[in-house]
Amino acid sequence: MSRTVNALVYGDVDLNLIDGSAVWAQSTVQALSRAGCRTRLVLKAPVHTGRLVDPLTGLPRVSVVRPHEERLLPGLADRPLSPVQASQVLAGLDEDDPCDLLVLRGRRLVARVVADGCFDGRIWAYLTDIPQSAAEMTEEARAELGRIAEAGARLLCQTEELRCLLETWVPEAVGKCLLSPPSVPEPDFDVPEHERPHDPFRLVYTGKFAPLWNTLPMTRLPALLAEDGIRAELHTVGDKIHDDPAHPGFQTAMARALAATPGVEHHGGQPREEAMRLAADCDLGLGWRGPALDASLELSTKVLEFGALGLPVVLNRTPAHEALLGDDYPLYVPGRAALEDAAAAVARAVREPEARRLAAERCRSAAARHTLRVAADRWRGHLGAAFPAAPAAVIARPRPLRVGVAGHDLKFLTRLLDHFRALPGLDVRVDAWEALARHEPAASRELADWADVVVVEWCGPAAVWYSRHKRPDSRLVIRLHRFELDADWPRQVAIDAVDQVICVSTYYARRTLEHTGWPESKVTVIPNWVDTDQLDRPKAPGARFRLGMIGIAPSRKRLDLGLDVLETLRAEDRRWQLSVKSKPPWEYWWIWNKPEERAHYDAVLRRIQTSPLLEGAVVFDDYGSDVASWLRRIGHVLSTSDDESFHLAPAEGMASAAVPALLPWPGADEIYDTRWIHPDPTAMAASIATLDRTTWQSTGETARTQARARFSLNGVARAWTDLLVT
């Protein structure tokens with residue numbers, strides 16, 4: 001960031017009560033402040049205790065907006081703002097002092113702000129109260145989330161699983177989802193080190209009290225442990241007791257249990273730092289919950305807080321917890337996670353010091369990956385990408401550089417367009433042609449007269465038109481891919497009017513020069529971009545044995561050779577599978593109209609149905625933009641084509657730490673490291689088979705590093721920017 005970014009933060013949460021959502025608001029403001037933002041936290045309700053707000057008031061560039069006290073809306077009573085009122089307050093604050101981003105939490109709230117339309121393109125929505133399974137994702141919910149994603153700048157996801165769910169069900173969210181896990185402050189006090197646990201053994205729980213969080217049965221643990229000969233006491237911190245209509249009487253029973261249960265010491269509501277001090281003087285944290293929460297895609301903040309204090313935690317075995325702490329973490333609650341099972345896990349912690357020490361180390365290590373410092377660094381990266389610095393060449397210009405972009409298919413330019421639009425000093429307009437050779441001449445002429453620089457995607461009819469109609473003092477940049485060389489359009493381009501032709505590979509740059517006779521100085525190479533940040537995700541279990549192919553039409557993509565690789569591997573090990581992410585060929589009329597294409601796919605599909613080695617081993621996944629989440633399941637990405645101009649699939653796979661495997665199509669060795677290129681399917685299969693778990697992981701990391709160095713969106717965007725502003 002070259003300037004101070006102005007952020008508004010509002011959560012549909014009451015900061016009088018300490019729970020995960022209230023802690024989120026405090027942590028978000030702290031992280032934004034550390035990242036260099038000017039941040040205004042807007043309160044939902046009048047604050048009667050400063051436990052969460054007071055630590056924020058002294059932070060650099062942070063202010064707290066109190067709508068009730070400041071009378072920002074007429075007639076505000078001493079009640080929390082409704083979503084409608086909150087949207088009005090935020091719009092008023094923005095009118096007086098415009099923000100660059102609005103960070104919101106709460107689905108109803110975000111939906112209201114989106115509907116009001118004052119912050120389109122600036123909303124960074126943090127959503128946890130959304131459907132968290134396919135069964136819960138109704139069409140109504142999907143449509144609402146689609147509207148939120150379209151209007152928003154970013155969607156902040158607490159876990160990788162939640163991000164993947166959103167991208168799978170909400171196509172509008174793809175490319176906008178960022179990881180934003182909970183963060184915890186580093187303790188500002190000396191954490192006591194207990195060589196031996198207390199006697200009685202001290203359990204601790206902090207946070208809200210609710211039925212699904214097992215807080216009522218938790219109070220019975222000291223008595224149950226006493227029956228097993230273990231002296232224990234439970235320390236609790238918090239003042240938010242849910243009034244749950246599904247559990248009548250819970251609120252009264254919970255309050256009574258906290259106040260009058262032998263062995264339970266309730267400390268009430270406390271500032272976050274004091275709650276951490278109390279927890280630090282205990283021996284074991286409790287994160288045990290009801291089984292209904294096992295499928296949750298959220299991450300418990302209290303586990304991280306306890307970990308930051310060096311405390312081991314008893315908690316349910318869930319996919320999220322296994323990803324955080326490992327599948328061999330010693331203090332998972334066994335069995336059905338009933339009260340007796342929780343007591344058994346606590347007893348193990350008491351009686352097995354080594355298990356307790358290992359659990360504490362795992363929790364400490366997990367917390368170290370979720371500190372406020374890490375969160376601030378993450379925010380700094382997100383904001384740097386969203387608000388890039390102005391290029392030096394345009395800072396001194398008397399007016400913005402006018403950049404026009406034209407073409408019939410801009411899918412390979414989408415993220416570059418986003419980058420151009422975000423750059424200060426650039427004014428970007430688009431001339432979207434209806435089809436390859438069909439456009440609105442008046443609109444194209446207007447863009448040609450207006451632009452200082454015109455970028456034409458594909459060296460087709462649009463390139464021909466702009467080379468003949470551009471303003472004499474403007475610059476023209478054309479990007480040529482592959483198929484254009486088989487047509488007459490390059491010869492029709494008035495090359496004297498063109499400043500630069502961009503090819504995506506050295507091989508096709510040479511072919512372009514040979515085919516056209518254009519001056520060598522006018523042809524340059526900038527590779528296709530890969531969003532390496534979005535694709536950098538942990539692999540799912542079993543990924544090592546899954547091959548992937550992206551796009552299998554037309555027949556020159558050679559799915560048949562991919563099947564050769566799969567059959568060779570499965571002849572030795574039936575764990576191998578192939579996933580194909582592609583539109584079926586019959587959805588491309590220009591392909592399916594050709595008899596030779598139909599014959600090719602008929603043979604391929606019959607082979608899949610009849611080959612004993614392929615039985616049940618080939619999966620066709622839906623075509624879609626959710627490539628990043630799909631690649632989590634892929635360990636090896638194949639490129640078996642007869643020819644390609646670049647072939648993005650191996651590069652995307654590399655960015656995900658999948659191992660690429662290519663056949664030697666022309667020019668492949670000028671884009672990709674030759675270690676990934678194999679002479680034939682048999683050699684490709686042999687190379688894949690040699691990788692055990694350790695070498696597959698290390699080879700994938702090598703591939704990921706190469707992808708970042710060669711194809712990263714940031715690097716490619718810089719190269720394009722230099723070309724445009726020079």
# chains A, B, ... in the order shown; residues from 1 in each chain; ligands from 1

$ select_by_dssp --residues "range 204-370 of chain A" --states "alpha helix (DSSP H)" --output "MDAnalysis selection string"
chainID A and resid 215:218 221:227 250:260 272:280 301:308 319:325 339:351 353:368

$ residues_around --residues "Leu73 in chain A" --least-positions-apart "2" --cutoff "12 Å" --atoms "only C-alpha atoms" --output "compact mmCIF listing (two decimals) with C-alpha atoms, in the first residue's frame"
# COMPACT_ATOMS: atom_id res chain seq x y z
CA ARG A 66 -20.75 4.99 19.25
CA PRO A 67 -23.95 5.59 17.25
CA HIS A 68 -26.24 5.79 20.30
CA GLU A 69 -24.15 8.27 22.22
CA GLU A 70 -23.35 10.29 19.08
CA ARG A 71 -27.02 10.27 18.00
CA GLY A 75 -34.85 8.12 17.77
CA LEU A 76 -32.21 5.54 18.68
CA ALA A 77 -33.21 3.89 21.94
CA LEU A 81 -28.98 -1.54 16.06
CA SER A 82 -31.08 -3.59 13.68
CA VAL A 84 -31.57 -1.74 8.69
CA GLN A 85 -30.37 0.84 11.21
CA ALA A 86 -26.79 -0.38 10.98
CA SER A 87 -26.83 0.00 7.20
CA GLN A 88 -28.12 3.56 7.55
CA VAL A 89 -25.47 4.46 10.12
CA LEU A 90 -22.68 3.03 7.98
CA ALA A 91 -23.92 4.87 4.88
CA GLY A 92 -23.95 8.14 6.82
CA LEU A 93 -20.43 7.63 8.11

$ residues_around --residues "range 123-127 of chain A" --least-positions-apart "6" --cutoff "9 Å" --atoms "only C-alpha atoms" --output "list of chain:residue names"
A:Gly11, A:Leu101, A:Leu102, A:Val103, A:Leu104, A:Arg105, A:Gly106, A:Arg107, A:Val110, A:Val113, A:Val114, A:Ile148, A:Ala149, A:Ala151, A:Gly152, A:Ala153, A:Arg154, A:Leu155, A:Leu156, A:Cys157, A:Gln158, A:Ser180

$ residues_around --residues "Ala703 in chain A" --least-positions-apart "6" --cutoff "7 Å" --atoms "only C-alpha atoms" --output "list in words"
Met654, Ala655, Ala657 and Val659 of chain A

$ atom_distance --atom1 "CA of Glu172 in chain A" --atom2 "CA of Leu145 in chain A"
8.5 Å

$ atom_distance --atom1 "CA of Gly562 in chain A" --atom2 "CA of Thr640 in chain A"
6.4 Å

$ atom_distance --atom1 "CA of Val350 in chain A" --atom2 "CA of Leu234 in chain A"
14.0 Å

$ select_by_dssp --residues "range 152-262 of chain A" --states "strand (DSSP E)" --output "ChimeraX atom specification"
/A:154-157,177-179,201-206,232-237

$ write_last_selection --atoms "C-alpha atoms" --output "tab-separated table (two decimals), in the first residue's frame"
chain	number	residue	atom	x	y	z
A	154	ARG	CA	-13.90	-10.11	-0.84
A	155	LEU	CA	-15.40	-12.92	1.21
A	156	LEU	CA	-13.42	-13.69	4.37
A	157	CYS	CA	-13.52	-17.40	5.24
A	177	CYS	CA	-12.59	-15.84	-1.09
A	178	LEU	CA	-9.71	-15.16	1.28
A	179	LEU	CA	-8.69	-17.12	4.33
A	201	PHE	CA	-6.17	-30.51	38.72
A	202	ARG	CA	-7.49	-27.29	37.17
A	203	LEU	CA	-9.78	-27.42	34.13
A	204	VAL	CA	-10.74	-24.18	32.40
A	205	TYR	CA	-13.47	-23.04	30.02
A	206	THR	CA	-13.87	-19.51	28.65
A	232	ALA	CA	-10.26	-31.64	39.91
A	233	GLU	CA	-11.91	-28.26	39.76
A	234	LEU	CA	-13.43	-26.34	36.84
A	235	HIS	CA	-12.74	-22.63	36.32
A	236	THR	CA	-15.13	-20.80	34.00
A	237	VAL	CA	-14.98	-17.30	32.51

$ residues_around --residues "range 438-447 of chain A" --least-positions-apart "2" --cutoff "9 Å" --atoms "only C-alpha atoms" --output "MDAnalysis selection string"
chainID A and resid 404:406 408 429:436 449:451 454 461:462 465:466 469:470

$ residues_around --residues "Thr516 in chain A" --least-positions-apart "4" --cutoff "9 Å" --atoms "only C-alpha atoms" --output "number ranges by chain"
A: 485, 490-491, 511-512

$ closest_residue --among "A:Glu160, A:Asp488, A:Thr414, A:Ala349" --to "Arg632 in chain A" --atoms "only C-alpha atoms"
A:Glu160

$ residues_around --residues "Ser687 in chain A" --least-positions-apart "6" --cutoff "12 Å" --atoms "only C-alpha atoms" --output "PyMOL selection string"
chain A and resi 565+568-569+636+659-662+675-681+695-696+699

$ write_last_selection --atoms "all heavy atoms" --output "compact mmCIF listing (two decimals), in the first residue's frame"
# COMPACT_ATOMS: atom_id res chain seq x y z
N VAL A 565 -1.84 -43.66 -19.07
CA VAL A 565 -1.08 -43.45 -17.83
C VAL A 565 -1.80 -44.12 -16.66
O VAL A 565 -1.20 -44.83 -15.85
CB VAL A 565 -0.88 -41.94 -17.55
CG1 VAL A 565 -0.18 -41.73 -16.22
CG2 VAL A 565 -0.09 -41.29 -18.68
N THR A 568 -1.60 -47.96 -16.71
CA THR A 568 -0.26 -48.43 -16.33
C THR A 568 -0.08 -48.39 -14.82
O THR A 568 0.45 -49.33 -14.22
CB THR A 568 0.82 -47.58 -17.02
OG1 THR A 568 0.64 -47.64 -18.43
CG2 THR A 568 2.21 -48.06 -16.67
N LEU A 569 -0.54 -47.32 -14.20
CA LEU A 569 -0.42 -47.19 -12.75
C LEU A 569 -1.31 -48.21 -12.03
O LEU A 569 -0.90 -48.85 -11.06
CB LEU A 569 -0.80 -45.78 -12.32
CG LEU A 569 0.21 -44.67 -12.67
CD1 LEU A 569 -0.41 -43.30 -12.48
CD2 LEU A 569 1.47 -44.81 -11.82
N HIS A 636 -1.44 -35.06 -9.02
CA HIS A 636 -0.64 -34.98 -10.24
C HIS A 636 -1.54 -34.42 -11.35
O HIS A 636 -2.65 -34.92 -11.55
CB HIS A 636 -0.13 -36.35 -10.67
CG HIS A 636 0.57 -37.11 -9.58
ND1 HIS A 636 1.95 -37.16 -9.47
CD2 HIS A 636 0.08 -37.84 -8.55
CE1 HIS A 636 2.26 -37.89 -8.42
NE2 HIS A 636 1.15 -38.32 -7.84
N VAL A 659 2.05 -32.39 -8.61
CA VAL A 659 3.21 -32.63 -9.46
C VAL A 659 2.76 -32.63 -10.92
O VAL A 659 1.87 -33.41 -11.28
CB VAL A 659 3.89 -33.97 -9.10
CG1 VAL A 659 5.06 -34.24 -10.05
CG2 VAL A 659 4.36 -33.95 -7.65
N PRO A 660 3.33 -31.79 -11.76
CA PRO A 660 2.93 -31.77 -13.17
C PRO A 660 3.59 -32.90 -13.95
O PRO A 660 4.72 -33.31 -13.62
CB PRO A 660 3.42 -30.41 -13.65
CG PRO A 660 4.64 -30.14 -12.82
CD PRO A 660 4.36 -30.76 -11.47
N ALA A 661 2.91 -33.39 -14.96
CA ALA A 661 3.46 -34.42 -15.84
C ALA A 661 3.01 -34.10 -17.25
O ALA A 661 1.81 -34.11 -17.54
CB ALA A 661 2.99 -35.81 -15.41
N LEU A 662 3.97 -33.80 -18.13
CA LEU A 662 3.66 -33.37 -19.49
C LEU A 662 4.29 -34.29 -20.51
O LEU A 662 5.39 -34.83 -20.28
CB LEU A 662 4.18 -31.94 -19.75
CG LEU A 662 3.62 -30.80 -18.91
CD1 LEU A 662 4.40 -30.60 -17.61
CD2 LEU A 662 3.65 -29.49 -19.72
N ARG A 675 12.22 -31.37 -16.15
CA ARG A 675 12.03 -32.50 -15.23
C ARG A 675 10.58 -32.99 -15.23
O ARG A 675 10.31 -34.11 -14.83
CB ARG A 675 12.45 -32.11 -13.82
CG ARG A 675 11.41 -31.29 -13.05
CD ARG A 675 11.84 -30.98 -11.63
NE ARG A 675 12.90 -29.99 -11.61
CZ ARG A 675 13.52 -29.60 -10.50
NH1 ARG A 675 13.18 -30.14 -9.34
NH2 ARG A 675 14.46 -28.69 -10.53
N TRP A 676 9.67 -32.12 -15.67
CA TRP A 676 8.25 -32.50 -15.65
C TRP A 676 7.81 -33.13 -16.98
O TRP A 676 6.66 -33.57 -17.10
CB TRP A 676 7.36 -31.28 -15.38
CG TRP A 676 7.81 -30.38 -14.26
CD1 TRP A 676 8.03 -29.03 -14.34
CD2 TRP A 676 8.05 -30.73 -12.90
NE1 TRP A 676 8.41 -28.53 -13.13
CE2 TRP A 676 8.43 -29.54 -12.21
CE3 TRP A 676 8.01 -31.93 -12.18
CZ2 TRP A 676 8.75 -29.53 -10.86
CZ3 TRP A 676 8.32 -31.91 -10.83
CH2 TRP A 676 8.69 -30.73 -10.18
N ILE A 677 8.69 -33.17 -17.96
CA ILE A 677 8.30 -33.60 -19.31
C ILE A 677 8.82 -35.02 -19.56
O ILE A 677 10.00 -35.31 -19.33
CB ILE A 677 8.85 -32.62 -20.36
CG1 ILE A 677 8.31 -31.21 -20.08
CG2 ILE A 677 8.45 -33.06 -21.77
CD1 ILE A 677 8.92 -30.13 -20.95
N HIS A 678 7.95 -35.89 -20.06
CA HIS A 678 8.26 -37.30 -20.24
C HIS A 678 8.03 -37.70 -21.70
O HIS A 678 7.12 -37.17 -22.36
CB HIS A 678 7.41 -38.16 -19.32
CG HIS A 678 7.42 -37.68 -17.89
ND1 HIS A 678 8.47 -37.92 -17.05
CD2 HIS A 678 6.53 -36.92 -17.19
CE1 HIS A 678 8.22 -37.36 -15.87
NE2 HIS A 678 7.05 -36.74 -15.93
N PRO A 679 8.82 -38.64 -22.22
CA PRO A 679 8.74 -38.94 -23.66
C PRO A 679 7.44 -39.62 -24.09
O PRO A 679 7.02 -39.48 -25.24
CB PRO A 679 9.95 -39.86 -23.90
CG PRO A 679 10.28 -40.42 -22.54
CD PRO A 679 9.92 -39.36 -21.57
N ASP A 680 6.79 -40.36 -23.18
CA ASP A 680 5.58 -41.08 -23.57
C ASP A 680 4.79 -41.42 -22.30
O ASP A 680 5.28 -41.25 -21.18
CB ASP A 680 5.94 -42.35 -24.34
CG ASP A 680 6.93 -43.23 -23.60
OD1 ASP A 680 6.70 -43.53 -22.41
OD2 ASP A 680 7.95 -43.61 -24.21
N PRO A 681 3.55 -41.90 -22.45
CA PRO A 681 2.73 -42.21 -21.27
C PRO A 681 3.34 -43.25 -20.34
O PRO A 681 3.18 -43.16 -19.11
CB PRO A 681 1.42 -42.73 -21.88
CG PRO A 681 1.34 -42.06 -23.22
CD PRO A 681 2.76 -42.00 -23.70
N THR A 695 8.53 -38.01 -1.03
CA THR A 695 9.06 -37.39 -2.25
C THR A 695 7.97 -36.71 -3.05
O THR A 695 8.24 -35.71 -3.73
CB THR A 695 9.77 -38.45 -3.12
OG1 THR A 695 8.88 -39.55 -3.36
CG2 THR A 695 11.03 -38.96 -2.44
N TRP A 696 6.74 -37.22 -2.98
CA TRP A 696 5.63 -36.53 -3.65
C TRP A 696 5.42 -35.14 -3.03
O TRP A 696 5.26 -34.14 -3.75
CB TRP A 696 4.35 -37.37 -3.53
CG TRP A 696 3.11 -36.62 -3.94
CD1 TRP A 696 2.76 -36.23 -5.20
CD2 TRP A 696 2.08 -36.15 -3.06
NE1 TRP A 696 1.56 -35.56 -5.17
CE2 TRP A 696 1.12 -35.50 -3.88
CE3 TRP A 696 1.86 -36.24 -1.69
CZ2 TRP A 696 -0.04 -34.92 -3.34
CZ3 TRP A 696 0.71 -35.67 -1.16
CH2 TRP A 696 -0.22 -35.02 -1.98
N THR A 699 8.45 -32.89 -3.97
CA THR A 699 8.40 -32.55 -5.39
C THR A 699 7.29 -31.54 -5.66
O THR A 699 7.45 -30.61 -6.46
CB THR A 699 8.20 -33.81 -6.24
OG1 THR A 699 9.22 -34.76 -5.92
CG2 THR A 699 8.28 -33.49 -7.72

$ closest_residue --among "A:Lys594, A:Arg397, A:Lys208, A:Arg357" --to "Gly268 in chain A" --atoms "only C-alpha atoms"
A:Lys208

$ closest_residue --among "A:Lys539, A:His267, A:Arg142, A:Arg147" --to "Thr168 in chain A" --atoms "only C-alpha atoms"
A:Arg142

$ closest_residue --among "A:Leu563, A:Ala376, A:Ala260, A:Cys282" --to "Arg607 in chain A" --atoms "only C-alpha atoms"
A:Leu563
